[in-house]
$ cat target.csv   # CSV, C-alpha atoms and all ligand atoms
chain,number,residue,atom,x,y,z
N,1263,MET,CA,-11.7,10.5,-17.3
N,1264,LYS,CA,-13.4,11.1,-13.9
N,1265,VAL,CA,-11.9,9.3,-11.0
N,1266,MET,CA,-13.2,9.0,-7.4
N,1267,ILE,CA,-10.5,8.5,-4.7
N,1268,LEU,CA,-11.6,6.9,-1.4
N,1269,GLY,CA,-9.0,7.3,1.4
N,1270,ALA,CA,-8.0,10.7,0.0
N,1271,SER,CA,-6.5,11.8,3.4
N,1272,GLY,CA,-4.1,8.8,3.7
N,1273,LEU,CA,-0.5,8.6,2.6
N,1274,LEU,CA,-1.3,7.2,-0.8
N,1275,GLY,CA,-4.6,9.1,-1.1
N,1276,LYS,CA,-2.8,12.5,-0.6
N,1277,ALA,CA,-0.3,11.5,-3.3
N,1278,LEU,CA,-3.1,10.5,-5.7
N,1279,MET,CA,-4.8,13.9,-5.1
N,1280,ARG,CA,-1.5,15.7,-5.6
N,1281,GLU,CA,0.1,13.9,-8.5
N,1282,TRP,CA,-3.0,12.9,-10.7
N,1283,LEU,CA,-3.2,16.0,-12.8
N,1284,ASP,CA,-4.6,15.2,-16.2
N,1285,ASP,CA,-8.0,13.8,-15.2
N,1286,GLU,CA,-10.9,15.0,-13.2
N,1287,ILE,CA,-10.2,13.8,-9.6
N,1288,VAL,CA,-12.7,13.8,-6.7
N,1289,GLY,CA,-11.4,12.7,-3.3
N,1290,PHE,CA,-13.2,11.6,-0.2
N,1291,SER,CA,-11.7,10.9,3.3
N,1292,SER,CA,-13.4,9.0,6.1
N,1293,ARG,CA,-15.0,12.2,7.3
N,1294,ASP,CA,-16.8,12.5,4.0
N,1295,VAL,CA,-17.9,8.8,3.7
N,1296,ASP,CA,-17.3,5.7,5.8
N,1297,ILE,CA,-16.8,2.8,3.4
N,1298,ARG,CA,-18.7,0.6,6.0
N,1299,ASP,CA,-21.8,2.6,5.1
N,1300,ALA,CA,-23.1,0.8,2.0
N,1301,ALA,CA,-26.0,3.2,1.4
N,1302,LYS,CA,-23.8,6.3,1.6
N,1303,ILE,CA,-21.2,4.8,-0.7
N,1304,ARG,CA,-23.8,4.0,-3.2
N,1305,GLU,CA,-25.3,7.5,-3.0
N,1306,MET,CA,-21.9,9.2,-3.4
N,1307,THR,CA,-21.0,7.0,-6.4
N,1308,GLU,CA,-24.4,7.8,-8.0
N,1309,THR,CA,-23.8,11.6,-7.6
N,1310,THR,CA,-20.1,11.5,-8.5
N,1311,ARG,CA,-20.6,9.2,-11.5
N,1312,PRO,CA,-16.9,8.2,-11.8
N,1313,GLU,CA,-15.4,6.1,-14.6
N,1314,TRP,CA,-12.9,4.7,-12.1
N,1315,ILE,CA,-12.9,4.4,-8.3
N,1316,VAL,CA,-9.5,4.0,-6.6
N,1317,LEU,CA,-10.0,2.5,-3.2
N,1318,ALA,CA,-7.1,3.5,-1.0
N,1319,ALA,CA,-9.1,3.6,2.2
N,1320,ALA,CA,-8.2,1.0,4.7
N,1321,TYR,CA,-7.5,0.3,8.4
N,1322,THR,CA,-3.8,0.0,8.0
N,1323,ASP,CA,-2.6,-0.3,11.6
N,1324,VAL,CA,-1.3,-3.9,11.2
N,1325,ASP,CA,-0.8,-4.4,15.0
N,1326,GLY,CA,-4.1,-2.6,15.8
N,1327,CYS,CA,-5.9,-5.1,13.5
N,1328,GLU,CA,-4.8,-8.0,15.8
N,1329,SER,CA,-6.6,-6.5,18.8
N,1330,HIS,CA,-9.5,-5.1,16.7
N,1331,PRO,CA,-10.3,-7.9,14.2
N,1332,ASP,CA,-14.0,-6.9,13.9
N,1333,LEU,CA,-13.0,-3.4,12.8
N,1334,ALA,CA,-10.3,-4.8,10.5
N,1335,PHE,CA,-12.7,-7.0,8.6
N,1336,ALA,CA,-15.5,-4.4,8.6
N,1337,VAL,CA,-13.2,-1.7,7.0
N,1338,ASN,CA,-10.8,-3.8,5.0
N,1339,ARG,CA,-13.1,-6.6,3.6
N,1340,ASP,CA,-16.8,-5.5,4.0
N,1341,GLY,CA,-16.1,-1.8,3.1
N,1342,PRO,CA,-14.5,-2.8,-0.3
N,1343,VAL,CA,-17.4,-5.1,-1.0
N,1344,ASN,CA,-19.7,-2.1,-0.5
N,1345,VAL,CA,-17.6,-0.1,-2.9
N,1346,ALA,CA,-17.5,-2.9,-5.5
N,1347,ASP,CA,-21.3,-3.1,-5.2
N,1348,ALA,CA,-21.7,0.6,-5.8
N,1349,ALA,CA,-19.2,0.5,-8.7
N,1350,LYS,CA,-21.2,-2.4,-10.3
N,1351,ARG,CA,-24.5,-0.5,-10.0
N,1352,ASN,CA,-23.0,2.6,-11.6
N,1353,GLY,CA,-20.9,1.0,-14.3
N,1354,ALA,CA,-17.7,2.3,-12.7
N,1355,ARG,CA,-14.4,0.4,-12.8
N,1356,LEU,CA,-12.6,-0.3,-9.5
N,1357,LEU,CA,-9.0,-0.4,-8.6
N,1358,PHE,CA,-8.4,-1.8,-5.0
N,1359,LEU,CA,-5.2,-1.5,-3.1
N,1360,SER,CA,-4.1,-4.7,-1.5
N,1361,SER,CA,-0.9,-5.8,0.2
N,1362,ASP,CA,2.1,-8.2,0.3
N,1363,TYR,CA,0.7,-9.3,3.7
N,1364,VAL,CA,-1.7,-11.6,1.9
N,1365,PHE,CA,1.3,-14.0,1.5
N,1366,ASP,CA,2.9,-16.1,4.3
N,1367,GLY,CA,6.5,-15.0,3.4
N,1368,ARG,CA,7.8,-18.6,3.2
N,1369,LYS,CA,8.8,-18.3,-0.5
N,1370,LYS,CA,12.4,-17.7,-1.5
N,1371,SER,CA,11.7,-16.0,-4.8
N,1372,PRO,CA,9.4,-13.1,-5.7
N,1373,TYR,CA,5.7,-13.7,-5.3
N,1374,GLU,CA,3.7,-13.9,-8.5
N,1375,THR,CA,0.1,-12.7,-8.8
N,1376,ASP,CA,-1.2,-16.3,-8.9
N,1377,ASP,CA,0.7,-17.6,-5.9
N,1378,ALA,CA,-1.5,-18.9,-3.1
N,1379,ARG,CA,-2.7,-16.4,-0.5
N,1380,ASN,CA,-1.9,-17.5,3.0
N,1381,PRO,CA,-2.0,-14.5,5.3
N,1382,GLN,CA,-0.5,-14.8,8.8
N,1383,SER,CA,-2.0,-11.7,10.4
N,1384,VAL,CA,-5.5,-10.3,10.8
N,1385,TYR,CA,-4.7,-7.4,8.5
N,1386,GLY,CA,-3.4,-9.8,5.9
N,1387,ARG,CA,-6.5,-12.0,6.2
N,1388,SER,CA,-8.8,-9.0,5.9
N,1389,LYS,CA,-7.0,-7.9,2.7
N,1390,ALA,CA,-6.9,-11.5,1.3
N,1391,GLU,CA,-10.7,-12.0,2.0
N,1392,ALA,CA,-11.4,-8.7,0.4
N,1393,GLU,CA,-9.6,-9.8,-2.8
N,1394,VAL,CA,-11.6,-13.0,-3.0
N,1395,ARG,CA,-14.9,-11.2,-2.4
N,1396,LEU,CA,-14.1,-8.4,-4.9
N,1397,LEU,CA,-13.3,-10.9,-7.7
N,1398,GLU,CA,-16.7,-12.5,-7.0
N,1399,VAL,CA,-18.7,-9.2,-7.0
N,1400,LEU,CA,-16.8,-7.4,-9.7
N,1401,PRO,CA,-14.7,-9.9,-11.7
N,1402,GLU,CA,-13.3,-7.1,-13.9
N,1403,CYS,CA,-11.9,-5.1,-11.0
N,1404,CYS,CA,-8.2,-4.4,-10.7
N,1405,ILE,CA,-6.4,-5.4,-7.5
N,1406,ALA,CA,-3.0,-3.6,-7.1
N,1407,ARG,CA,-0.9,-5.2,-4.4
N,1408,THR,CA,1.8,-3.0,-3.1
N,1409,SER,CA,4.2,-3.1,-0.1
N,1410,TRP,CA,6.4,-1.0,2.3
N,1411,LEU,CA,4.8,2.3,1.2
N,1412,PHE,CA,6.6,5.6,2.0
N,1413,GLY,CA,6.1,9.2,1.0
N,1414,MET,CA,4.9,12.6,2.1
N,1415,GLY,CA,1.8,13.1,4.2
N,1416,GLY,CA,1.8,10.1,6.5
N,1417,LYS,CA,3.8,8.0,8.9
N,1418,CYS,CA,6.5,6.1,7.1
N,1419,PHE,CA,9.7,4.1,7.7
N,1420,PRO,CA,12.2,6.7,6.3
N,1421,ASP,CA,10.7,9.4,8.5
N,1422,THR,CA,11.0,7.2,11.6
N,1423,ILE,CA,14.7,6.4,10.8
N,1424,LEU,CA,15.5,10.0,10.1
N,1425,LYS,CA,14.0,11.1,13.4
N,1426,LEU,CA,15.6,8.4,15.5
N,1427,GLY,CA,18.9,8.8,13.5
N,1428,THR,CA,19.3,12.4,14.6
N,1429,SER,CA,18.8,11.6,18.3
N,1430,ARG,CA,20.4,8.1,18.8
N,1431,PRO,CA,24.0,7.0,18.3
N,1432,ALA,CA,22.8,3.5,17.1
N,1433,LEU,CA,19.7,2.0,15.6
N,1434,ASP,CA,18.8,-1.7,15.7
N,1435,VAL,CA,16.8,-2.7,12.6
N,1436,VAL,CA,15.5,-6.1,11.6
N,1437,ASN,CA,17.4,-7.8,8.9
N,1438,ASP,CA,15.3,-11.0,8.4
N,1439,GLN,CA,12.3,-9.4,6.6
N,1440,ARG,CA,12.7,-8.8,3.0
N,1441,GLY,CA,10.4,-6.7,0.7
N,1442,CYS,CA,10.1,-4.0,-1.8
N,1443,PRO,CA,9.9,-0.3,-0.6
N,1444,THR,CA,7.4,1.7,-2.7
N,1445,TYR,CA,7.4,5.4,-3.1
N,1446,SER,CA,3.8,6.8,-3.1
N,1447,VAL,CA,4.6,9.0,-6.2
N,1448,ASP,CA,5.8,6.1,-8.2
N,1449,LEU,CA,2.8,4.0,-7.1
N,1450,VAL,CA,0.4,6.8,-8.3
N,1451,ARG,CA,2.1,7.0,-11.7
N,1452,ALA,CA,1.6,3.3,-12.1
N,1453,ILE,CA,-2.0,3.4,-10.9
N,1454,ILE,CA,-2.7,6.2,-13.5
N,1455,GLN,CA,-1.4,3.9,-16.2
N,1456,LEU,CA,-3.3,0.9,-15.0
N,1457,CYS,CA,-6.6,2.9,-15.1
N,1458,ARG,CA,-5.8,4.4,-18.5
N,1459,LYS,CA,-5.1,0.9,-19.9
N,1460,GLY,CA,-8.4,-0.4,-18.4
N,1461,THR,CA,-6.6,-3.1,-16.4
N,1462,SER,CA,-8.4,-6.0,-14.8
N,1463,GLY,CA,-7.1,-8.7,-12.4
N,1464,ILE,CA,-4.3,-8.8,-9.9
N,1465,VAL,CA,-1.1,-6.7,-10.5
N,1466,HIS,CA,1.9,-6.3,-8.3
N,1467,VAL,CA,3.1,-2.7,-8.1
N,1468,THR,CA,6.2,-1.8,-6.1
N,1469,ASN,CA,9.5,0.0,-6.8
N,1470,ALA,CA,12.1,-2.2,-8.4
N,1471,GLY,CA,14.6,-4.2,-6.4
N,1472,ALA,CA,14.3,-5.6,-2.8
N,1473,CYS,CA,16.0,-5.2,0.5
N,1474,SER,CA,15.6,-5.9,4.2
N,1475,TRP,CA,14.4,-3.2,6.7
N,1476,PHE,CA,18.1,-3.1,7.9
N,1477,GLU,CA,19.4,-2.4,4.4
N,1478,PHE,CA,16.6,0.2,3.8
N,1479,ALA,CA,17.5,2.0,7.1
N,1480,ARG,CA,21.3,1.8,6.2
N,1481,GLU,CA,20.6,3.5,2.9
N,1482,ILE,CA,18.4,6.2,4.5
N,1483,VAL,CA,21.1,7.0,7.1
N,1484,ALA,CA,23.9,7.0,4.4
N,1485,ARG,CA,21.9,9.3,2.1
N,1486,ALA,CA,21.0,11.7,4.9
N,1487,GLU,CA,24.7,11.6,6.1
N,1488,LEU,CA,23.7,10.9,9.7
N,1489,PRO,CA,26.5,9.7,12.0
N,1490,THR,CA,24.2,6.9,13.5
N,1491,GLU,CA,25.3,3.3,13.3
N,1492,VAL,CA,22.7,0.9,11.9
N,1493,ARG,CA,22.9,-2.6,13.4
N,1494,PRO,CA,21.2,-5.7,12.0
N,1495,VAL,CA,18.9,-7.6,14.4
N,1496,THR,CA,16.3,-10.4,14.1
N,1497,SER,CA,12.5,-10.1,14.3
N,1498,GLN,CA,12.7,-12.3,17.5
N,1499,GLN,CA,14.5,-9.4,19.2
N,1500,PHE,CA,11.6,-7.1,18.3
N,1501,PRO,CA,8.4,-9.1,18.9
N,1502,ARG,CA,5.3,-7.4,17.5
N,1503,PRO,CA,1.6,-8.3,17.9
N,1504,ALA,CA,1.1,-9.1,14.2
N,1505,PRO,CA,3.6,-11.5,12.5
N,1506,ARG,CA,5.2,-10.0,9.4
N,1507,PRO,CA,6.2,-12.1,6.4
N,1508,ALA,CA,9.9,-12.9,6.3
N,1509,TYR,CA,9.9,-12.6,2.6
N,1510,SER,CA,7.3,-10.6,0.7
N,1511,VAL,CA,9.1,-9.5,-2.4
N,1512,LEU,CA,6.4,-9.0,-5.1
N,1513,SER,CA,7.4,-10.0,-8.7
N,1514,SER,CA,7.2,-7.2,-11.2
N,1515,ALA,CA,6.3,-9.6,-14.1
N,1516,SER,CA,2.6,-8.7,-14.0
N,1517,LEU,CA,3.4,-5.0,-14.2
N,1518,HIS,CA,5.9,-5.4,-17.0
N,1519,ALA,CA,3.5,-7.5,-18.9
N,1520,LEU,CA,1.3,-4.4,-19.1
N,1521,GLY,CA,4.1,-2.3,-20.3
N,1522,VAL,CA,4.5,-0.4,-17.0
N,1523,THR,CA,7.9,-0.1,-15.2
N,1524,THR,CA,8.9,1.5,-11.9
N,1525,PRO,CA,12.2,3.0,-10.8
N,1526,THR,CA,14.4,1.2,-8.3
N,1527,TRP,CA,13.7,1.8,-4.6
N,1528,ASN,CA,17.1,3.5,-4.1
N,1529,ASP,CA,16.3,6.0,-6.8
N,1530,ALA,CA,12.8,6.5,-5.2
N,1531,LEU,CA,14.4,7.1,-1.8
N,1532,ARG,CA,16.7,9.7,-3.3
N,1533,ARG,CA,13.8,11.6,-4.8
N,1534,TYR,CA,11.7,11.3,-1.6
N,1535,LEU,CA,14.5,12.7,0.5
N,1536,ALA,CA,14.8,15.6,-2.0
N,1537,GLU,CA,11.0,16.1,-1.8
N,1538,ARG,CA,11.2,16.3,2.0
N,1539,GLU,CA,13.7,19.1,1.8
N,1540,HIS,CA,11.3,21.3,-0.1
D,1601,LIG,N1,1.3,1.6,4.0
D,1601,LIG,C1,1.8,0.5,3.5
D,1601,LIG,O1,3.0,0.2,3.7
D,1601,LIG,C2,0.9,-0.4,2.6
D,1601,LIG,C3,1.4,-1.6,2.1
D,1601,LIG,C4,0.7,-2.4,1.3
D,1601,LIG,C5,-0.6,-2.0,1.0
D,1601,LIG,N2,-1.1,-0.8,1.5
D,1601,LIG,C6,-2.5,-0.4,1.2
D,1601,LIG,O2,-2.5,0.8,0.4
D,1601,LIG,C7,-3.6,1.6,0.7
D,1601,LIG,C8,-3.2,2.9,1.1
D,1601,LIG,O3,-2.5,2.8,2.3
D,1601,LIG,P1,-2.0,4.1,3.1
D,1601,LIG,O4,-0.7,3.8,3.8
D,1601,LIG,O5,-2.1,5.3,2.3
D,1601,LIG,O6,-3.1,4.2,4.3
D,1601,LIG,P2,-3.3,5.3,5.4
D,1601,LIG,O7,-2.3,6.4,5.3
D,1601,LIG,O8,-3.5,4.6,6.7
D,1601,LIG,O9,-4.7,6.0,4.9
D,1601,LIG,C9,-5.9,5.2,5.1
D,1601,LIG,C10,-7.0,6.1,4.5
D,1601,LIG,O10,-8.2,5.3,4.7
D,1601,LIG,C11,-9.2,6.1,5.3
D,1601,LIG,N3,-10.1,5.3,6.1
D,1601,LIG,C12,-9.8,4.6,7.2
D,1601,LIG,N4,-11.0,4.0,7.6
D,1601,LIG,C13,-12.0,4.4,6.7
D,1601,LIG,C14,-13.3,4.1,6.6
D,1601,LIG,N5,-14.0,3.3,7.5
D,1601,LIG,N6,-14.0,4.7,5.7
D,1601,LIG,C15,-13.5,5.5,4.8
D,1601,LIG,N7,-12.1,5.8,4.8
D,1601,LIG,C16,-11.4,5.2,5.8
D,1601,LIG,C17,-8.4,7.1,6.1
D,1601,LIG,O11,-9.2,8.3,6.4
D,1601,LIG,P3,-8.9,9.2,7.6
D,1601,LIG,O12,-7.5,9.8,7.5
D,1601,LIG,O13,-10.0,10.3,7.5
D,1601,LIG,O14,-9.1,8.3,8.8
D,1601,LIG,C18,-7.2,7.4,5.2
D,1601,LIG,O15,-7.6,8.3,4.2
D,1601,LIG,C19,-4.4,0.7,1.7
D,1601,LIG,O16,-5.4,0.0,1.1
D,1601,LIG,C20,-3.4,-0.2,2.4
D,1601,LIG,O17,-3.9,-1.3,2.9
D,1601,LIG,C21,-0.4,0.0,2.3

$ encode --input "target.csv" --output "structure tokens"
Amino acid sequence: MKVMILGASGLLGKALMREWLDDEIVGFSSRDVDIRDAAKIREMTETTRPEWIVLAAAYTDVDGCESHPDLAFAVNRDGPVNVADAAKRNGARLLFLSSDYVFDGRKKSPYETDDARNPQSVYGRSKAEAEVRLLEVLPECCIARTSWLFGMGGKCFPDTILKLGTSRPALDVVNDQRGCPTYSVDLVRAIIQLCRKGTSGIVHVTNAGACSWFEFAREIVARAELPTEVRPVTSQQFPRPAPRPAYSVLSSASLHALGVTTPTWNDALRRYLAEREH
């Protein structure tokens, strides 16, 4: 199978390039091709001739999207439409990475794939609109929604906690946002299976289990044996430009229905901390 990765220099993109071993993988970063450039995307797809395109390129600065909405929609909605159009012309399949931020966070039980989108931020809106457009342009595309991504090769929450945890006696971390941490390595393994199975439609792909950011931080500090105290606080005490969903746990039912499972986030964190040591 020949696979074209867009966003190959990002956190997930690097993991895709590193971990996807048994197929022919060609990766492009934004320096190689800007997904806003429809003609160039078409040309690269024509010359690469992939069976699958995995679209991990995005403008992921959630707060930055609030102050740069034009850029957010150009990269996160219009760019994917360009890629879907190129995929359609060349008979390639497309797997698009989307986000838990397409939901409003008001639910009290895990979000299913057919729950209504109701994004509260510009980033979430740009992803939600991309999903709708992609399903119009390329109905057989696969939309893999993930959340709270961490791993090697990019900025991520565990790294921030480990850095602050070595220099501060106490850390205040929000305890009123609940979600599913997801290790890039486990996400890649699931993506490979989704492509091999020829998956269409929306799938939720995260590590198993859920926690608050406070609980996640407490686990990181405990596993790293740092002396720092982790204290629970509310989102109100930490106002951010973009609102975050209070609850964005994604149900694993869609993934399990395909016969794909993921390890728990605690186990994923253990393996990530070990990977960091090497
Ligand atoms: N991080 C999370 O917690 C999270 C949660 C849910 C969903 N997701 C989704 O998962 C996917 C991967 O996220 P990530 O954390 O790996 O992102 P990331 O580390 O921010 O990487 C983004 C990638 O997109 C590329 N890119 C940005 N603008 C581009 C453009 N105009 N044209 C072409 N490439 C462009 C970047 O290239 P350069 O490095 O060259 O700029 C980089 O390779 C994204 O779709 C994201 O929305 C992420």

$ closest_residue --input "target.csv" --among "N:Asp1285, N:Asp1332, N:Glu1487, N:Asp1296" --to "ligand LIG 1601 (chain D)" --atoms "all atoms listed in the file"
N:Asp1296

$ atom_distance --input "target.csv" --atom1 "atom CA of Asn1528 of chain N" --atom2 "atom CA of Asp1448 of chain N"
12.3 Å

$ closest_atom_pairs --input "target.csv" --of "chain N" --to "ligand LIG 1601 (chain D)" --cutoff "8 Å" --atoms "only C-alpha atoms and all ligand atoms" --output "JSON lines"
{"residue": "N:Leu1268", "atom": "CA", "partner": "D:LIG1601", "partner_atom": "N7", "distance": 6.3}
{"residue": "N:Gly1269", "atom": "CA", "partner": "D:LIG1601", "partner_atom": "O15", "distance": 3.3}
{"residue": "N:Ala1270", "atom": "CA", "partner": "D:LIG1601", "partner_atom": "O15", "distance": 4.9}
{"residue": "N:Ser1271", "atom": "CA", "partner": "D:LIG1601", "partner_atom": "O15", "distance": 3.8}
{"residue": "N:Gly1272", "atom": "CA", "partner": "D:LIG1601", "partner_atom": "O9", "distance": 3.1}
{"residue": "N:Leu1273", "atom": "CA", "partner": "D:LIG1601", "partner_atom": "O5", "distance": 3.7}
{"residue": "N:Leu1274", "atom": "CA", "partner": "D:LIG1601", "partner_atom": "O5", "distance": 3.7}
{"residue": "N:Gly1275", "atom": "CA", "partner": "D:LIG1601", "partner_atom": "O5", "distance": 5.7}
{"residue": "N:Lys1276", "atom": "CA", "partner": "D:LIG1601", "partner_atom": "O5", "distance": 7.8}
{"residue": "N:Phe1290", "atom": "CA", "partner": "D:LIG1601", "partner_atom": "N7", "distance": 7.7}
{"residue": "N:Ser1291", "atom": "CA", "partner": "D:LIG1601", "partner_atom": "O13", "distance": 4.6}
{"residue": "N:Ser1292", "atom": "CA", "partner": "D:LIG1601", "partner_atom": "N7", "distance": 3.7}
{"residue": "N:Arg1293", "atom": "CA", "partner": "D:LIG1601", "partner_atom": "O13", "distance": 5.4}
{"residue": "N:Asp1294", "atom": "CA", "partner": "D:LIG1601", "partner_atom": "C15", "distance": 7.8}
{"residue": "N:Val1295", "atom": "CA", "partner": "D:LIG1601", "partner_atom": "C15", "distance": 5.6}
{"residue": "N:Asp1296", "atom": "CA", "partner": "D:LIG1601", "partner_atom": "N6", "distance": 3.4}
{"residue": "N:Ile1297", "atom": "CA", "partner": "D:LIG1601", "partner_atom": "N6", "distance": 4.1}
{"residue": "N:Arg1298", "atom": "CA", "partner": "D:LIG1601", "partner_atom": "N5", "distance": 5.6}
{"residue": "N:Leu1317", "atom": "CA", "partner": "D:LIG1601", "partner_atom": "O16", "distance": 6.8}
{"residue": "N:Ala1318", "atom": "CA", "partner": "D:LIG1601", "partner_atom": "C7", "distance": 4.3}
{"residue": "N:Ala1319", "atom": "CA", "partner": "D:LIG1601", "partner_atom": "O10", "distance": 3.2}
{"residue": "N:Ala1320", "atom": "CA", "partner": "D:LIG1601", "partner_atom": "O10", "distance": 4.3}
{"residue": "N:Tyr1321", "atom": "CA", "partner": "D:LIG1601", "partner_atom": "C12", "distance": 5.0}
{"residue": "N:Thr1322", "atom": "CA", "partner": "D:LIG1601", "partner_atom": "O8", "distance": 4.8}
{"residue": "N:Asp1323", "atom": "CA", "partner": "D:LIG1601", "partner_atom": "O8", "distance": 7.0}
{"residue": "N:Ala1336", "atom": "CA", "partner": "D:LIG1601", "partner_atom": "N5", "distance": 7.9}
{"residue": "N:Val1337", "atom": "CA", "partner": "D:LIG1601", "partner_atom": "N5", "distance": 5.1}
{"residue": "N:Asn1338", "atom": "CA", "partner": "D:LIG1601", "partner_atom": "O17", "distance": 7.6}
{"residue": "N:Gly1341", "atom": "CA", "partner": "D:LIG1601", "partner_atom": "N5", "distance": 7.1}
{"residue": "N:Phe1358", "atom": "CA", "partner": "D:LIG1601", "partner_atom": "O16", "distance": 7.0}
{"residue": "N:Leu1359", "atom": "CA", "partner": "D:LIG1601", "partner_atom": "O16", "distance": 4.5}
{"residue": "N:Ser1360", "atom": "CA", "partner": "D:LIG1601", "partner_atom": "C5", "distance": 5.1}
{"residue": "N:Ser1361", "atom": "CA", "partner": "D:LIG1601", "partner_atom": "C5", "distance": 3.9}
{"residue": "N:Asp1362", "atom": "CA", "partner": "D:LIG1601", "partner_atom": "C4", "distance": 6.0}
{"residue": "N:Tyr1363", "atom": "CA", "partner": "D:LIG1601", "partner_atom": "C4", "distance": 7.3}
{"residue": "N:Lys1389", "atom": "CA", "partner": "D:LIG1601", "partner_atom": "O17", "distance": 7.3}
{"residue": "N:Arg1407", "atom": "CA", "partner": "D:LIG1601", "partner_atom": "C5", "distance": 6.3}
{"residue": "N:Thr1408", "atom": "CA", "partner": "D:LIG1601", "partner_atom": "C4", "distance": 4.6}
{"residue": "N:Ser1409", "atom": "CA", "partner": "D:LIG1601", "partner_atom": "C4", "distance": 3.8}
{"residue": "N:Trp1410", "atom": "CA", "partner": "D:LIG1601", "partner_atom": "O1", "distance": 3.9}
{"residue": "N:Leu1411", "atom": "CA", "partner": "D:LIG1601", "partner_atom": "O1", "distance": 3.7}
{"residue": "N:Phe1412", "atom": "CA", "partner": "D:LIG1601", "partner_atom": "O1", "distance": 6.7}
{"residue": "N:Gly1415", "atom": "CA", "partner": "D:LIG1601", "partner_atom": "O7", "distance": 7.9}
{"residue": "N:Gly1416", "atom": "CA", "partner": "D:LIG1601", "partner_atom": "O7", "distance": 5.7}
{"residue": "N:Lys1417", "atom": "CA", "partner": "D:LIG1601", "partner_atom": "O7", "distance": 7.3}
{"residue": "N:Cys1418", "atom": "CA", "partner": "D:LIG1601", "partner_atom": "N1", "distance": 7.5}
{"residue": "N:Thr1444", "atom": "CA", "partner": "D:LIG1601", "partner_atom": "O1", "distance": 7.9}

$ closest_residue --input "target.csv" --among "N:Cys1473, N:Ala1334, N:Ile1405, N:Val1483" --to "Cys1442 of chain N" --atoms "all atoms listed in the file"
N:Cys1473

$ atom_distance --input "target.csv" --atom1 "atom CA of Asp1340 of chain N" --atom2 "atom CA of Ser1462 of chain N"
20.6 Å

$ residues_around --input "target.csv" --residues "Ala1470 of chain N" --least-positions-apart "2" --cutoff "12 Å" --atoms "only C-alpha atoms" --output "MDAnalysis selection string"
chainID N and resid 1372 1408:1409 1441:1445 1448:1449 1466:1468 1472:1473 1511:1515 1517:1518 1522:1531

$ residues_around --input "target.csv" --residues "Glu1286 of chain N" --least-positions-apart "2" --cutoff "9 Å" --atoms "all atoms listed in the file" --output "list of chain:residue names"
N:Met1263, N:Lys1264, N:Val1265, N:Met1266, N:Trp1282, N:Leu1283, N:Asp1284, N:Val1288

$ atom_distance --input "target.csv" --atom1 "atom CA of Lys1302 of chain N" --atom2 "atom CA of Glu1402 of chain N"
23.0 Å

$ build_atoms --input "target.csv" --residues "segment 1502-1511 of chain N" --atoms "N, CA, C and O atoms" --output "PDB file, keeping the file's coordinate frame"
ATOM      1  N   ARG N1502       6.389  -8.286  17.766  1.00  0.00           N
ATOM      2  CA  ARG N1502       5.300  -7.400  17.500  1.00  0.00           C
ATOM      3  C   ARG N1502       3.980  -8.189  17.576  1.00  0.00           C
ATOM      4  O   ARG N1502       3.998  -9.401  17.361  1.00  0.00           O
ATOM      5  N   PRO N1503       2.841  -7.537  17.863  1.00  0.00           N
ATOM      6  CA  PRO N1503       1.600  -8.300  17.900  1.00  0.00           C
ATOM      7  C   PRO N1503       1.239  -9.033  16.650  1.00  0.00           C
ATOM      8  O   PRO N1503       0.768 -10.161  16.704  1.00  0.00           O
ATOM      9  N   ALA N1504       1.477  -8.419  15.496  1.00  0.00           N
ATOM     10  CA  ALA N1504       1.100  -9.100  14.200  1.00  0.00           C
ATOM     11  C   ALA N1504       2.419  -9.647  13.590  1.00  0.00           C
ATOM     12  O   ALA N1504       3.405  -8.913  13.437  1.00  0.00           O
ATOM     13  N   PRO N1505       2.393 -10.934  13.213  1.00  0.00           N
ATOM     14  CA  PRO N1505       3.600 -11.500  12.500  1.00  0.00           C
ATOM     15  C   PRO N1505       3.719 -10.844  11.138  1.00  0.00           C
ATOM     16  O   PRO N1505       2.725 -10.558  10.470  1.00  0.00           O
ATOM     17  N   ARG N1506       4.947 -10.569  10.753  1.00  0.00           N
ATOM     18  CA  ARG N1506       5.200 -10.000   9.400  1.00  0.00           C
ATOM     19  C   ARG N1506       5.829 -11.111   8.547  1.00  0.00           C
ATOM     20  O   ARG N1506       6.596 -11.939   9.054  1.00  0.00           O
ATOM     21  N   PRO N1507       5.525 -11.112   7.235  1.00  0.00           N
ATOM     22  CA  PRO N1507       6.200 -12.100   6.400  1.00  0.00           C
ATOM     23  C   PRO N1507       7.666 -11.920   6.328  1.00  0.00           C
ATOM     24  O   PRO N1507       8.140 -10.782   6.251  1.00  0.00           O
ATOM     25  N   ALA N1508       8.426 -13.019   6.399  1.00  0.00           N
ATOM     26  CA  ALA N1508       9.900 -12.900   6.300  1.00  0.00           C
ATOM     27  C   ALA N1508      10.347 -12.490   4.959  1.00  0.00           C
ATOM     28  O   ALA N1508      11.359 -11.819   4.811  1.00  0.00           O
ATOM     29  N   TYR N1509       9.566 -12.888   3.953  1.00  0.00           N
ATOM     30  CA  TYR N1509       9.900 -12.600   2.600  1.00  0.00           C
ATOM     31  C   TYR N1509       8.658 -12.206   1.831  1.00  0.00           C
ATOM     32  O   TYR N1509       7.759 -13.046   1.705  1.00  0.00           O
ATOM     33  N   SER N1510       8.538 -10.958   1.404  1.00  0.00           N
ATOM     34  CA  SER N1510       7.300 -10.600   0.700  1.00  0.00           C
ATOM     35  C   SER N1510       7.617  -9.764  -0.535  1.00  0.00           C
ATOM     36  O   SER N1510       6.898  -8.826  -0.874  1.00  0.00           O
ATOM     37  N   VAL N1511       8.710 -10.137  -1.194  1.00  0.00           N
ATOM     38  CA  VAL N1511       9.100  -9.500  -2.400  1.00  0.00           C
ATOM     39  C   VAL N1511       8.035  -9.805  -3.512  1.00  0.00           C
ATOM     40  O   VAL N1511       7.738 -10.983  -3.724  1.00  0.00           O
TER      41      VAL N1511
END
